[in-house]
file start_33.txt (compact mmCIF, C-alpha atoms and all ligand atoms)
# COMPACT_ATOMS: atom_id res chain seq x y z
CA MET R 218 50.75 123.19 200.73
CA PRO R 219 52.69 123.65 203.97
CA GLU R 220 54.08 120.50 205.50
CA THR R 221 53.94 120.18 209.24
CA ASP R 222 56.79 117.79 209.77
CA SER R 223 59.20 118.62 207.05
CA MET R 224 62.80 118.12 206.14
CA LYS R 225 64.61 120.59 203.99
CA ILE R 226 64.38 119.93 200.28
CA THR R 227 65.93 122.53 198.04
CA PRO R 228 64.20 123.67 194.83
CA ALA R 229 67.01 121.99 192.88
CA GLN R 230 66.34 118.71 194.69
CA GLU R 231 62.61 119.06 194.07
CA GLN R 232 63.25 119.43 190.39
CA LYS R 233 65.44 116.33 190.33
CA LEU R 234 62.87 114.34 192.30
CA ARG R 235 60.22 115.19 189.72
CA ILE R 236 62.55 113.93 187.02
CA ALA R 237 63.26 110.79 189.08
CA VAL R 238 59.58 109.81 188.91
CA GLU R 239 59.49 110.87 185.25
CA TYR R 240 56.84 113.49 185.99
CA THR R 241 54.43 110.79 187.06
CA CYS R 242 52.30 111.27 190.15
CA GLU R 243 53.00 108.47 192.63
CA LEU R 244 49.37 108.34 193.67
CA CYS R 245 47.32 108.49 190.45
CA HIS R 246 50.17 107.41 188.16
CA GLU R 247 49.29 110.05 185.61
CA TYR R 248 51.81 112.14 183.78
CA HIS R 249 51.79 115.80 184.81
CA PRO R 250 53.68 118.90 183.76
CA GLU R 251 56.46 119.74 186.17
CA TYR R 252 54.69 122.66 187.85
CA CYS R 253 51.77 120.41 188.83
CA LEU R 254 53.93 118.03 190.80
CA GLU R 255 54.54 118.65 194.47
CA ILE R 256 56.65 116.94 197.09
CA HIS R 257 54.53 115.57 199.88
CA GLN R 258 56.32 114.72 203.10
CA ILE R 259 54.83 111.78 204.94
CA SER R 260 54.43 112.45 208.62
CA ARG R 261 57.23 110.58 210.27
CA SER R 262 56.08 110.93 213.83
CA LEU R 263 54.49 107.49 213.65
CA TYR R 264 57.34 105.80 211.90
CA LYS R 265 60.65 106.38 213.55
CA GLU R 266 62.55 104.05 211.26
CA MET R 267 61.85 106.41 208.40
CA LYS R 268 64.36 108.78 209.90
CA ARG R 269 67.13 106.78 208.33
CA ASP R 270 66.17 106.98 204.69
CA PRO R 271 64.73 110.31 203.56
CA SER R 272 63.43 108.83 200.31
CA THR R 273 60.86 106.85 202.32
CA ARG R 274 59.40 110.03 203.73
CA ILE R 275 58.34 111.69 200.52
CA LEU R 276 55.85 111.19 197.75
CA ILE R 277 55.90 113.07 194.48
CA VAL R 278 52.27 113.78 193.70
CA CYS R 279 50.18 116.04 191.50
CA GLN R 280 48.37 118.97 193.08
CA LEU R 281 45.05 117.17 193.08
CA CYS R 282 46.42 114.06 194.79
CA HIS R 283 48.31 116.25 197.21
CA ASP R 284 45.04 117.89 198.20
CA HIS R 285 43.51 114.43 198.64
CA ILE R 286 46.35 113.26 200.84
CA HIS R 287 45.82 116.16 203.19
CA ASN R 288 42.06 116.59 203.00
CA LEU R 289 40.66 113.06 202.77
CA PRO R 290 43.12 112.28 204.30
CA VAL R 291 45.04 109.39 202.79
CA PRO R 292 46.21 107.31 205.77
CA THR R 293 49.91 107.27 206.46
CA GLY R 294 49.91 103.49 206.04
CA LYS R 295 48.64 103.84 202.48
CA GLN R 296 51.24 106.48 201.78
CA ARG R 297 53.89 104.10 203.02
CA THR R 298 52.55 101.38 200.74
CA LEU R 299 53.06 103.73 197.82
CA VAL R 300 56.62 104.34 198.90
CA LYS R 301 57.24 100.60 199.11
CA LYS R 302 55.88 100.01 195.61
CA ARG R 303 58.34 102.45 194.15
CA SER R 304 60.72 100.90 191.67
CA PHE R 305 64.28 100.16 192.67
CA PHE R 306 65.66 102.71 190.24
CA ILE R 307 63.41 105.53 191.37
CA ARG R 308 64.28 104.79 194.98
CA GLN R 309 67.95 104.82 194.10
CA ASP R 310 67.62 108.12 192.27
CA MET R 311 65.75 109.68 195.15
CA ARG R 312 68.31 108.57 197.68
CA ARG R 313 71.08 110.02 195.58
CA ILE R 314 69.21 113.30 195.14
CA LEU R 315 68.57 113.54 198.86
CA GLY R 316 72.16 112.64 199.66
CA TYR R 317 71.36 109.38 201.40
CA ARG R 318 73.80 106.49 201.31
CA PRO R 319 72.38 103.17 202.51
CA ARG R 320 75.75 102.13 203.91
CA PRO R 321 79.34 103.01 203.19
CA TYR R 322 80.89 100.97 200.47
CA GLN R 323 83.47 98.52 201.71
CA ALA R 324 85.93 96.96 199.38
CA PRO R 325 86.02 93.22 199.87
CA ASP R 326 89.42 92.35 201.23
CA ASP R 327 89.44 88.73 200.17
CA ILE R 328 90.06 89.47 196.52
CA ASN R 329 93.56 89.13 195.23
CA ILE R 330 93.92 92.09 192.91
CA PRO R 331 97.27 91.18 191.30
CA LEU R 332 95.77 87.82 190.33
CA ILE R 333 92.82 89.47 188.58
CA TYR R 334 95.13 91.70 186.57
CA GLU R 335 97.22 88.74 185.59
CA GLU R 336 94.15 86.91 184.35
CA TYR R 337 92.99 89.91 182.38
CA PHE R 338 96.25 90.61 180.62
CA GLY R 339 96.94 86.95 180.20
CA ARG R 340 94.06 86.74 177.72
CA CYS R 341 95.62 89.25 175.36
CA THR R 342 98.57 88.33 173.18
CA PRO R 343 101.39 90.77 173.83
CA GLY R 344 101.12 93.92 171.74
CA SER R 345 97.78 93.00 170.22
CA TYR R 346 96.22 96.29 171.32
CA ARG R 347 98.50 98.11 168.86
CA LEU R 348 97.01 96.38 165.87
CA SER R 349 93.65 97.99 166.41
CA GLY R 350 95.20 101.31 165.59
ZN ZN R 401 47.97 112.45 191.10
ZN ZN R 402 51.78 117.19 201.66

call {"tool": "encode", "arguments": {"input": "start_33.txt", "output": "structure tokens", "more": "lines below"}}
Ligand SMILES: [Zn+2]
Ligand SMILES: [Zn+2]
result
Amino acid sequence: MPETDSMKITPAQEQKLRIAVEYTCELCHEYHPEYCLEIHQISRSLYKEMKRDPSTRILIVCQLCHDHIHNLPVPTGKQRTLVKKRSFFIRQDMRRILGYRPRPYQAPDDINIPLIYEEYFGRCTPGSYRLSG
């Protein structure tokens, strides 16, 4: 099914996205063989904030549900609800697959690293690691 407002998703990414949802359609929640699952791209013209996170713009759905989404059609608001109900882990997987990082990791600078090391090694008696062979 051609998407009108689409971002580029490679076949390799599509495959990983199907795995991310464990081959379960996000609309009917049924298990489907891989070839039955399609990537639907939610129209983002209405929702500009979706530009930021590509995982919020897609639904992994079976062919039948995909037809429904386009032909009924399923309102964009409902599609967004489905995206929001997605589990944390699936969302995380999808973001990784699509190359999205929520924000750059910043090491906290108020931690005294030498102190942590000292605490860690302080718990072991000297040379005890050798006894374990
Ligand atoms: Zn379905
Ligand atoms: Zn679609």

call {"tool": "atom_distance", "arguments": {"input": "start_33.txt", "atom1": "atom CA of Leu234 of chain R", "atom2": "atom CA of Met311 of chain R"}}
result
6.2 Å

call {"tool": "closest_atom_pairs", "arguments": {"input": "start_33.txt", "of": "chain R", "to": "ligand ZN 401 (chain R)", "cutoff": "8 Å", "atoms": "only C-alpha atoms and all ligand atoms", "output": "tab-separated table"}}
result
residue	atom	partner	partner_atom	distance
R:Thr241	CA	R:ZN401	ZN	7.8
R:Cys242	CA	R:ZN401	ZN	4.6
R:Glu243	CA	R:ZN401	ZN	6.6
R:Leu244	CA	R:ZN401	ZN	5.0
R:Cys245	CA	R:ZN401	ZN	4.1
R:His246	CA	R:ZN401	ZN	6.2
R:Glu247	CA	R:ZN401	ZN	6.1
R:Val278	CA	R:ZN401	ZN	5.2
R:Cys279	CA	R:ZN401	ZN	4.2
R:Gln280	CA	R:ZN401	ZN	6.8
R:Leu281	CA	R:ZN401	ZN	5.9
R:Cys282	CA	R:ZN401	ZN	4.3
R:His283	CA	R:ZN401	ZN	7.2

call {"tool": "residues_around", "arguments": {"input": "start_33.txt", "residues": "segment 270-277 of chain R", "least_positions_apart": "3", "cutoff": "10 Å", "atoms": "only C-alpha atoms", "output": "VMD selection string"}}
result
chain R and resid 223 to 224 231 234 to 235 237 to 238 240 to 244 254 to 261 264 266 to 267 280 282 to 283 296 to 297 299 to 301 303 307 to 319

call {"tool": "write_last_selection", "arguments": {"input": "start_33.txt", "atoms": "C-alpha atoms", "output": "tab-separated table (two decimals), in the coordinates of the input"}}
result
chain	number	residue	atom	x	y	z
R	223	SER	CA	59.20	118.62	207.05
R	224	MET	CA	62.80	118.12	206.14
R	231	GLU	CA	62.61	119.06	194.07
R	234	LEU	CA	62.87	114.34	192.30
R	235	ARG	CA	60.22	115.19	189.72
R	237	ALA	CA	63.26	110.79	189.08
R	238	VAL	CA	59.58	109.81	188.91
R	240	TYR	CA	56.84	113.49	185.99
R	241	THR	CA	54.43	110.79	187.06
R	242	CYS	CA	52.30	111.27	190.15
R	243	GLU	CA	53.00	108.47	192.63
R	244	LEU	CA	49.37	108.34	193.67
R	254	LEU	CA	53.93	118.03	190.80
R	255	GLU	CA	54.54	118.65	194.47
R	256	ILE	CA	56.65	116.94	197.09
R	257	HIS	CA	54.53	115.57	199.88
R	258	GLN	CA	56.32	114.72	203.10
R	259	ILE	CA	54.83	111.78	204.94
R	260	SER	CA	54.43	112.45	208.62
R	261	ARG	CA	57.23	110.58	210.27
R	264	TYR	CA	57.34	105.80	211.90
R	266	GLU	CA	62.55	104.05	211.26
R	267	MET	CA	61.85	106.41	208.40
R	280	GLN	CA	48.37	118.97	193.08
R	282	CYS	CA	46.42	114.06	194.79
R	283	HIS	CA	48.31	116.25	197.21
R	296	GLN	CA	51.24	106.48	201.78
R	297	ARG	CA	53.89	104.10	203.02
R	299	LEU	CA	53.06	103.73	197.82
R	300	VAL	CA	56.62	104.34	198.90
R	301	LYS	CA	57.24	100.60	199.11
R	303	ARG	CA	58.34	102.45	194.15
R	307	ILE	CA	63.41	105.53	191.37
R	308	ARG	CA	64.28	104.79	194.98
R	309	GLN	CA	67.95	104.82	194.10
R	310	ASP	CA	67.62	108.12	192.27
R	311	MET	CA	65.75	109.68	195.15
R	312	ARG	CA	68.31	108.57	197.68
R	313	ARG	CA	71.08	110.02	195.58
R	314	ILE	CA	69.21	113.30	195.14
R	315	LEU	CA	68.57	113.54	198.86
R	316	GLY	CA	72.16	112.64	199.66
R	317	TYR	CA	71.36	109.38	201.40
R	318	ARG	CA	73.80	106.49	201.31
R	319	PRO	CA	72.38	103.17	202.51

call {"tool": "atom_distance", "arguments": {"input": "start_33.txt", "atom1": "atom CA of Cys253 of chain R", "atom2": "atom CA of Pro292 of chain R"}}
result
22.1 Å

call {"tool": "closest_residue", "arguments": {"input": "start_33.txt", "among": "R:Leu289, R:Lys302, R:Pro228, R:Asp284", "to": "ligand ZN 402 (chain R)", "atoms": "only C-alpha atoms and all ligand atoms"}}
result
R:Asp284

call {"tool": "atom_distance", "arguments": {"input": "start_33.txt", "atom1": "atom CA of Val291 of chain R", "atom2": "atom ZN of ligand ZN 402 (chain R)"}}
result
10.4 Å

call {"tool": "closest_residue", "arguments": {"input": "start_33.txt", "among": "R:Pro290, R:Lys233, R:Arg320, R:Ser304", "to": "ligand ZN 402 (chain R)", "atoms": "only C-alpha atoms and all ligand atoms"}}
result
R:Pro290
